[in-house]
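A.B. asks: So here's my_file-v2.txt (compact mmCIF, C-alpha atoms).
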# COMPACT_ATOMS: atom_id res chain seq x y z
CA MET A 1 -50.74 37.50 12.09
CA THR A 2 -50.23 34.33 10.04
CA SER A 3 -49.12 34.50 6.41
CA ALA A 4 -52.61 33.43 5.30
CA GLU A 5 -54.23 36.18 7.41
CA ARG A 6 -51.74 38.73 6.06
CA THR A 7 -52.48 37.71 2.46
CA ILE A 8 -56.24 38.01 3.03
CA ALA A 9 -55.90 41.38 4.78
CA LEU A 10 -53.58 42.80 2.10
CA SER A 11 -55.86 41.52 -0.65
CA ASP A 12 -58.89 43.26 0.89
CA ILE A 13 -56.91 46.49 1.27
CA ALA A 14 -55.52 46.33 -2.28
CA LEU A 15 -59.00 45.81 -3.75
CA GLN A 16 -60.24 48.96 -2.01
CA ILE A 17 -57.19 50.97 -3.05
CA ALA A 18 -57.56 49.86 -6.69
CA TYR A 19 -61.18 51.03 -6.68
CA LYS A 20 -60.31 54.37 -5.07
CA LEU A 21 -57.33 54.93 -7.40
CA HIS A 22 -59.59 54.57 -10.41
CA SER A 23 -61.99 57.18 -9.08
CA THR A 24 -59.17 59.44 -7.82
CA CYS A 25 -56.83 59.58 -10.80
CA GLY A 26 -58.92 58.11 -13.60
CA GLN A 27 -56.44 55.30 -14.27
CA ALA A 28 -57.58 51.70 -14.06
CA TRP A 29 -55.49 49.63 -11.66
CA GLU A 30 -56.36 45.96 -11.43
CA PHE A 31 -55.77 43.91 -8.28
CA VAL A 32 -53.87 40.72 -9.11
CA LYS A 33 -55.01 37.94 -6.81
CA PRO A 34 -52.06 36.10 -5.22
CA THR A 35 -51.79 32.38 -5.86
CA GLU A 36 -50.14 31.66 -2.50
CA ASP A 37 -49.55 33.29 0.89
CA VAL A 38 -47.40 36.37 0.31
CA TYR A 39 -45.85 39.36 2.09
CA SER A 40 -47.01 41.80 -0.58
CA VAL A 41 -49.73 42.05 -3.19
CA TYR A 42 -49.84 44.21 -6.27
CA LEU A 43 -52.00 46.25 -8.59
CA ARG A 44 -51.33 46.34 -12.33
CA ASN A 45 -52.34 48.85 -14.99
CA ALA A 46 -52.79 48.33 -18.74
CA GLY A 47 -49.11 49.16 -19.34
CA ASN A 48 -48.06 46.44 -16.86
CA ALA A 49 -46.74 48.93 -14.31
CA ARG A 50 -47.16 47.47 -10.83
CA ILE A 51 -47.83 48.99 -7.44
CA TYR A 52 -46.69 46.69 -4.64
CA ILE A 53 -48.49 46.97 -1.30
CA GLN A 54 -47.24 45.44 1.93
CA PHE A 55 -47.50 46.06 5.64
CA ASP A 56 -44.76 48.28 7.03
CA GLY A 57 -44.35 46.07 10.12
CA TYR A 58 -45.54 42.58 10.96
CA GLU A 59 -46.67 42.49 14.57
CA ASN A 60 -49.16 45.36 14.58
CA PRO A 61 -49.37 46.74 11.05
CA LYS A 62 -50.52 50.36 11.07
CA ARG A 63 -48.82 51.53 7.91
CA LEU A 64 -48.55 50.33 4.33
CA SER A 65 -45.41 50.41 2.26
CA ILE A 66 -46.04 51.26 -1.40
CA SER A 67 -43.34 50.51 -3.97
CA GLY A 68 -42.83 50.05 -7.67
CA TYR A 69 -41.64 47.41 -10.08
CA GLN A 70 -38.71 47.64 -12.46
CA HIS A 71 -38.91 44.28 -14.22
CA ILE A 72 -39.76 46.08 -17.41
CA GLY A 73 -37.40 44.51 -19.93
CA LYS A 74 -38.22 41.93 -22.55
CA ASN A 75 -39.94 38.95 -20.89
CA GLY A 76 -40.09 40.77 -17.55
CA GLN A 77 -36.36 41.05 -16.93
CA TYR A 78 -35.14 43.50 -14.28
CA VAL A 79 -33.87 46.70 -15.85
CA GLU A 80 -31.65 49.35 -14.30
CA VAL A 81 -32.69 52.78 -15.51
CA TYR A 82 -30.19 55.63 -15.86
CA GLU A 83 -30.80 59.24 -16.70
CA ASN A 84 -28.51 62.05 -17.72
CA VAL A 85 -28.44 64.53 -14.82
CA LYS A 86 -27.10 68.06 -15.04
CA ARG A 87 -25.40 69.38 -11.90
CA ASN A 88 -24.09 72.95 -11.93
CA ASP A 89 -21.57 72.92 -14.77
CA TYR A 90 -21.39 69.20 -15.62
CA THR A 91 -23.64 66.29 -16.55
CA HIS A 92 -23.40 62.63 -15.62
CA TRP A 93 -25.43 59.44 -15.69
CA GLU A 94 -27.26 58.55 -12.50
CA ARG A 95 -29.09 55.33 -11.63
CA VAL A 96 -32.80 55.88 -11.09
CA THR A 97 -34.74 53.67 -8.69
CA ALA A 98 -38.43 53.07 -8.36
CA PRO A 99 -39.80 55.31 -5.61
CA SER A 100 -41.52 54.09 -2.46
CA ILE A 101 -43.74 55.71 0.15
CA THR A 102 -45.47 54.70 3.36
CA VAL A 103 -49.04 55.59 4.28
CA ALA A 104 -51.06 55.23 7.47
CA LEU A 105 -53.92 52.73 7.29
CA SER A 106 -55.92 54.89 9.69
CA ARG A 107 -56.31 57.60 7.02
CA GLY A 108 -58.69 55.45 4.99
CA TYR A 109 -58.61 54.09 1.46
CA GLU A 110 -59.51 57.33 -0.32
CA ALA A 111 -56.69 59.27 1.38
CA ILE A 112 -54.28 56.40 0.68
CA ALA A 113 -55.27 56.40 -3.01
CA LYS A 114 -54.78 60.18 -3.15
CA ASP A 115 -51.32 59.83 -1.55
CA ILE A 116 -50.37 57.17 -4.07
CA ALA A 117 -51.63 59.31 -6.95
CA LYS A 118 -49.84 62.43 -5.70
CA ARG A 119 -46.66 61.20 -3.99
CA PHE A 120 -45.88 57.93 -5.77
CA LEU A 121 -47.35 57.58 -9.26
CA PRO A 122 -45.83 60.65 -10.99
CA GLU A 123 -42.23 59.62 -10.30
CA TYR A 124 -42.87 55.90 -10.66
CA LEU A 125 -44.58 56.23 -14.03
CA ARG A 126 -41.79 58.55 -15.20
CA VAL A 127 -39.17 55.93 -14.28
CA PHE A 128 -41.31 53.07 -15.59
CA SER A 129 -41.75 54.66 -19.02
Will you turn the file into structure tokens for me?
C.D. replies:
Amino acid sequence: MTSAERTIALSDIALQIAYKLHSTCGQAWEFVKPTEDVYSVYLRNAGNARIYIQFDGYENPKRLSISGYQHIGKNGQYVEVYENVKRNDYTHWERVTAPSITVALSRGYEAIAKDIAKRFLPEYLRVFS
């Protein structure tokens, strides 16, 4: 698959997922059209959270990798997020990372959107906020 073919395929997939996410979880996610050939595309919500979508393999892509975005500082700077974690009898600060999941393309767009809404968005939006 060429980079142009990959960009077109990912764009088509992302458009369908954005539509299904809106009907699945009631949140509007907008597909952002890439301006060049890319390895991943993304969806954006009103709060500028981003869901990155890419193939989880290049030769024969059967799965998608879904990940988040942590460039949430002023002017889009990357931000490391820490949270105070309590373990048994002590607390400490732990670095929090944006979650990621993989999903099978064969399950269809509605099932993929449901997986994103259930397995990815709750933790990602918690970290993003």
A.B. asks: Could you state the separation of CA of Tyr109 (chain A) and CA of Ala18 (chain A) in Å, given to one decimal place?
C.D. replies: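 Computing the Euclidean distance for CA of Tyr109 (chain A) and CA of Ala18 (chain A) yields 9.2 Å.
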A.B. asks: Could you give me, as a ChimeraX atom specification, the residues within 7 Å of Phe120 (chain A), counting only C-alpha atoms and dropping anything in the same chain fewer than 6 positions from it?
C.D. replies: /A:99-101
A.B. asks: Select, from A:Thr35, A:Thr7, A:Thr97, A:Thr2, the residue with the minimum atom-to-atom distance to Arg126 (chain A), counting all atoms listed in the file.
C.D. replies: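 Among A:Thr35, A:Thr7, A:Thr97, A:Thr2, it is A:Thr97 that comes nearest to Arg126 (chain A).
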A.B. asks: Mind checking which residues fall within 10 Å of His92 (chain A), counting all atoms listed in the file, ignoring those fewer than 4 positions away in the same chain, and posting them as a PyMOL selection string?
C.D. replies: chain A and resi 82-87
A.B. asks: Restricting the calculation to only C-alpha atoms, which member of A:Leu43, A:Ile66, A:Val38, A:Leu105 is positioned closest to Ala4 (chain A)?
C.D. replies: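 Smallest separation from Ala4 (chain A) among the options: A:Val38.
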A.B. asks: Go through A:Leu64, A:Ala117, A:Ile51, A:Val81 and flag the residue nearest Thr102 (chain A), using only C-alpha atoms for the distances.
C.D. replies: A:Leu64
A.B. asks: At a cut-off of 12 Å, using all atoms listed in the file, what residues contact Ser106 (chain A)? Leave out same-chain residues fewer than 6 positions from it and give the result as a ChimeraX atom specification.
C.D. replies: /A:13,61-64,112
A.B. asks: Could the residues of region 42-110 of chain A that have an atom at most 12 Å from region 31-34 of chain A be listed as JSON lines, each with its closest atom pair and the distance in Å to one decimal, counting only C-alpha atoms and ordered by chain and ascending residue number?
C.D. replies:
{"residue": "A:Tyr42", "atom": "CA", "partner": "A:Val32", "partner_atom": "CA", "distance": 6.0}
{"residue": "A:Leu43", "atom": "CA", "partner": "A:Phe31", "partner_atom": "CA", "distance": 4.4}
{"residue": "A:Arg44", "atom": "CA", "partner": "A:Phe31", "partner_atom": "CA", "distance": 6.5}
{"residue": "A:Asn45", "atom": "CA", "partner": "A:Phe31", "partner_atom": "CA", "distance": 9.0}
{"residue": "A:Ala46", "atom": "CA", "partner": "A:Phe31", "partner_atom": "CA", "distance": 11.7}
{"residue": "A:Asn48", "atom": "CA", "partner": "A:Val32", "partner_atom": "CA", "distance": 11.2}
{"residue": "A:Ala49", "atom": "CA", "partner": "A:Phe31", "partner_atom": "CA", "distance": 12.0}
{"residue": "A:Arg50", "atom": "CA", "partner": "A:Phe31", "partner_atom": "CA", "distance": 9.7}
{"residue": "A:Ile51", "atom": "CA", "partner": "A:Phe31", "partner_atom": "CA", "distance": 9.5}
{"residue": "A:Tyr52", "atom": "CA", "partner": "A:Phe31", "partner_atom": "CA", "distance": 10.2}
{"residue": "A:Ile53", "atom": "CA", "partner": "A:Phe31", "partner_atom": "CA", "distance": 10.5}
A.B. asks: Here is a test: counting all atoms listed in the file, which residue of A:Ser3, A:Ser11, A:Gln54, A:Gln27 is nearest to Ala113 (chain A)?
C.D. replies: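 Among the listed residues, A:Gln27 lies closest to Ala113 (chain A).
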A.B. asks: Every residue with an atom at most 8 Å from (-41.5, 53.1, -12.7) (file coordinates; all atoms listed in the file) is what I'm after, so could you write them as a PyMOL selection string?
C.D. replies: chain A and resi 49+68-70+97-99+123-129
A.B. asks: Write the residues of the selection above to a file with C-alpha atoms, as a compact mmCIF listing (two decimals), in the coordinates of the input.
C.D. replies:
# COMPACT_ATOMS: atom_id res chain seq x y z
CA ALA A 49 -46.74 48.93 -14.31
CA GLY A 68 -42.83 50.05 -7.67
CA TYR A 69 -41.64 47.41 -10.08
CA GLN A 70 -38.71 47.64 -12.46
CA THR A 97 -34.74 53.67 -8.69
CA ALA A 98 -38.43 53.07 -8.36
CA PRO A 99 -39.80 55.31 -5.61
CA GLU A 123 -42.23 59.62 -10.30
CA TYR A 124 -42.87 55.90 -10.66
CA LEU A 125 -44.58 56.23 -14.03
CA ARG A 126 -41.79 58.55 -15.20
CA VAL A 127 -39.17 55.93 -14.28
CA PHE A 128 -41.31 53.07 -15.59
CA SER A 129 -41.75 54.66 -19.02
A.B. asks: What separation in Å, quoted to one decimal, exists between CA of Arg119 (chain A) and CA of Tyr19 (chain A)?
C.D. replies: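 Those two atoms sit 17.9 Å apart.
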A.B. asks: For a quick check of understanding, using all atoms listed in the file, which of A:Ile116, A:Tyr90, A:Pro122, A:Glu5 has the smallest distance to His22 (chain A)?
C.D. replies: A:Ile116
A.B. asks: Between A:Val103, A:Val96, A:Leu10, A:Ala111, which is the closest to Glu80 (chain A) once you count only C-alpha atoms?
C.D. replies: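 Among the listed residues, the smallest separation from Glu80 (chain A) belongs to A:Val96.
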A.B. asks: Separation of CA of Tyr39 (chain A) and CA of Phe55 (chain A), in Å?
C.D. replies: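 Interatomic distance here is 7.8 Å.
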A.B. asks: For region 76-99 of chain A, which lacks atoms in the input, supply N, CA and C atoms and format the output as an mmCIF file, keeping the file's coordinate frame.
C.D. replies:
data_model
loop_
_atom_site.group_PDB
_atom_site.id
_atom_site.type_symbol
_atom_site.label_atom_id
_atom_site.label_comp_id
_atom_site.auth_asym_id
_atom_site.auth_seq_id
_atom_site.Cartn_x
_atom_site.Cartn_y
_atom_site.Cartn_z
ATOM 1 N N GLY A 76 -40.032 40.455 -18.971
ATOM 2 C CA GLY A 76 -40.090 40.770 -17.550
ATOM 3 C C GLY A 76 -38.753 40.784 -16.844
ATOM 4 N N GLN A 77 -37.670 40.994 -17.569
ATOM 5 C CA GLN A 77 -36.360 41.050 -16.930
ATOM 6 C C GLN A 77 -36.209 42.364 -16.153
ATOM 7 N N TYR A 78 -35.430 42.303 -15.072
ATOM 8 C CA TYR A 78 -35.140 43.500 -14.280
ATOM 9 C C TYR A 78 -34.269 44.432 -15.112
ATOM 10 N N VAL A 79 -34.603 45.705 -15.077
ATOM 11 C CA VAL A 79 -33.870 46.700 -15.850
ATOM 12 C C VAL A 79 -33.408 47.809 -14.913
ATOM 13 N N GLU A 80 -32.140 48.175 -15.012
ATOM 14 C CA GLU A 80 -31.650 49.350 -14.300
ATOM 15 C C GLU A 80 -31.797 50.545 -15.222
ATOM 16 N N VAL A 81 -32.419 51.583 -14.711
ATOM 17 C CA VAL A 81 -32.690 52.780 -15.510
ATOM 18 C C VAL A 81 -31.701 53.868 -15.103
ATOM 19 N N TYR A 82 -31.114 54.517 -16.098
ATOM 20 C CA TYR A 82 -30.190 55.630 -15.860
ATOM 21 C C TYR A 82 -30.710 56.849 -16.586
ATOM 22 N N GLU A 83 -30.437 58.009 -16.020
ATOM 23 C CA GLU A 83 -30.800 59.240 -16.700
ATOM 24 C C GLU A 83 -29.632 60.212 -16.644
ATOM 25 N N ASN A 84 -29.572 61.060 -17.643
ATOM 26 C CA ASN A 84 -28.510 62.050 -17.720
ATOM 27 C C ASN A 84 -28.912 63.237 -16.838
ATOM 28 N N VAL A 85 -28.122 63.499 -15.799
ATOM 29 C CA VAL A 85 -28.440 64.530 -14.820
ATOM 30 C C VAL A 85 -27.445 65.670 -14.941
ATOM 31 N N LYS A 86 -27.974 66.893 -14.973
ATOM 32 C CA LYS A 86 -27.100 68.060 -15.040
ATOM 33 C C LYS A 86 -26.952 68.650 -13.645
ATOM 34 N N ARG A 87 -25.718 68.792 -13.194
ATOM 35 C CA ARG A 87 -25.400 69.380 -11.900
ATOM 36 C C ARG A 87 -24.468 70.558 -12.136
ATOM 37 N N ASN A 88 -24.913 71.731 -11.776
ATOM 38 C CA ASN A 88 -24.090 72.950 -11.930
ATOM 39 C C ASN A 88 -23.506 73.032 -13.320
ATOM 40 N N ASP A 89 -22.220 72.752 -13.472
ATOM 41 C CA ASP A 89 -21.570 72.920 -14.770
ATOM 42 C C ASP A 89 -21.171 71.606 -15.443
ATOM 43 N N TYR A 90 -21.711 70.472 -14.974
ATOM 44 C CA TYR A 90 -21.390 69.200 -15.620
ATOM 45 C C TYR A 90 -22.607 68.289 -15.624
ATOM 46 N N THR A 91 -22.578 67.292 -16.495
ATOM 47 C CA THR A 91 -23.640 66.290 -16.550
ATOM 48 C C THR A 91 -23.032 64.908 -16.331
ATOM 49 N N HIS A 92 -23.836 64.012 -15.813
ATOM 50 C CA HIS A 92 -23.400 62.630 -15.620
ATOM 51 C C HIS A 92 -24.623 61.720 -15.601
ATOM 52 N N TRP A 93 -24.367 60.427 -15.731
ATOM 53 C CA TRP A 93 -25.430 59.440 -15.690
ATOM 54 C C TRP A 93 -25.642 58.985 -14.248
ATOM 55 N N GLU A 94 -26.907 58.936 -13.854
ATOM 56 C CA GLU A 94 -27.260 58.550 -12.500
ATOM 57 C C GLU A 94 -28.297 57.437 -12.553
ATOM 58 N N ARG A 95 -28.118 56.427 -11.707
ATOM 59 C CA ARG A 95 -29.090 55.330 -11.630
ATOM 60 C C ARG A 95 -30.375 55.830 -10.991
ATOM 61 N N VAL A 96 -31.486 55.480 -11.595
ATOM 62 C CA VAL A 96 -32.800 55.880 -11.090
ATOM 63 C C VAL A 96 -33.462 54.647 -10.483
ATOM 64 N N THR A 97 -34.045 54.792 -9.326
ATOM 65 C CA THR A 97 -34.740 53.670 -8.690
ATOM 66 C C THR A 97 -36.231 53.965 -8.614
ATOM 67 N N ALA A 98 -36.986 52.902 -8.528
ATOM 68 C CA ALA A 98 -38.430 53.070 -8.360
ATOM 69 C C ALA A 98 -38.680 53.682 -6.985
ATOM 70 N N PRO A 99 -39.538 54.668 -6.902
ATOM 71 C CA PRO A 99 -39.800 55.310 -5.610
ATOM 72 C C PRO A 99 -40.606 54.407 -4.685
#
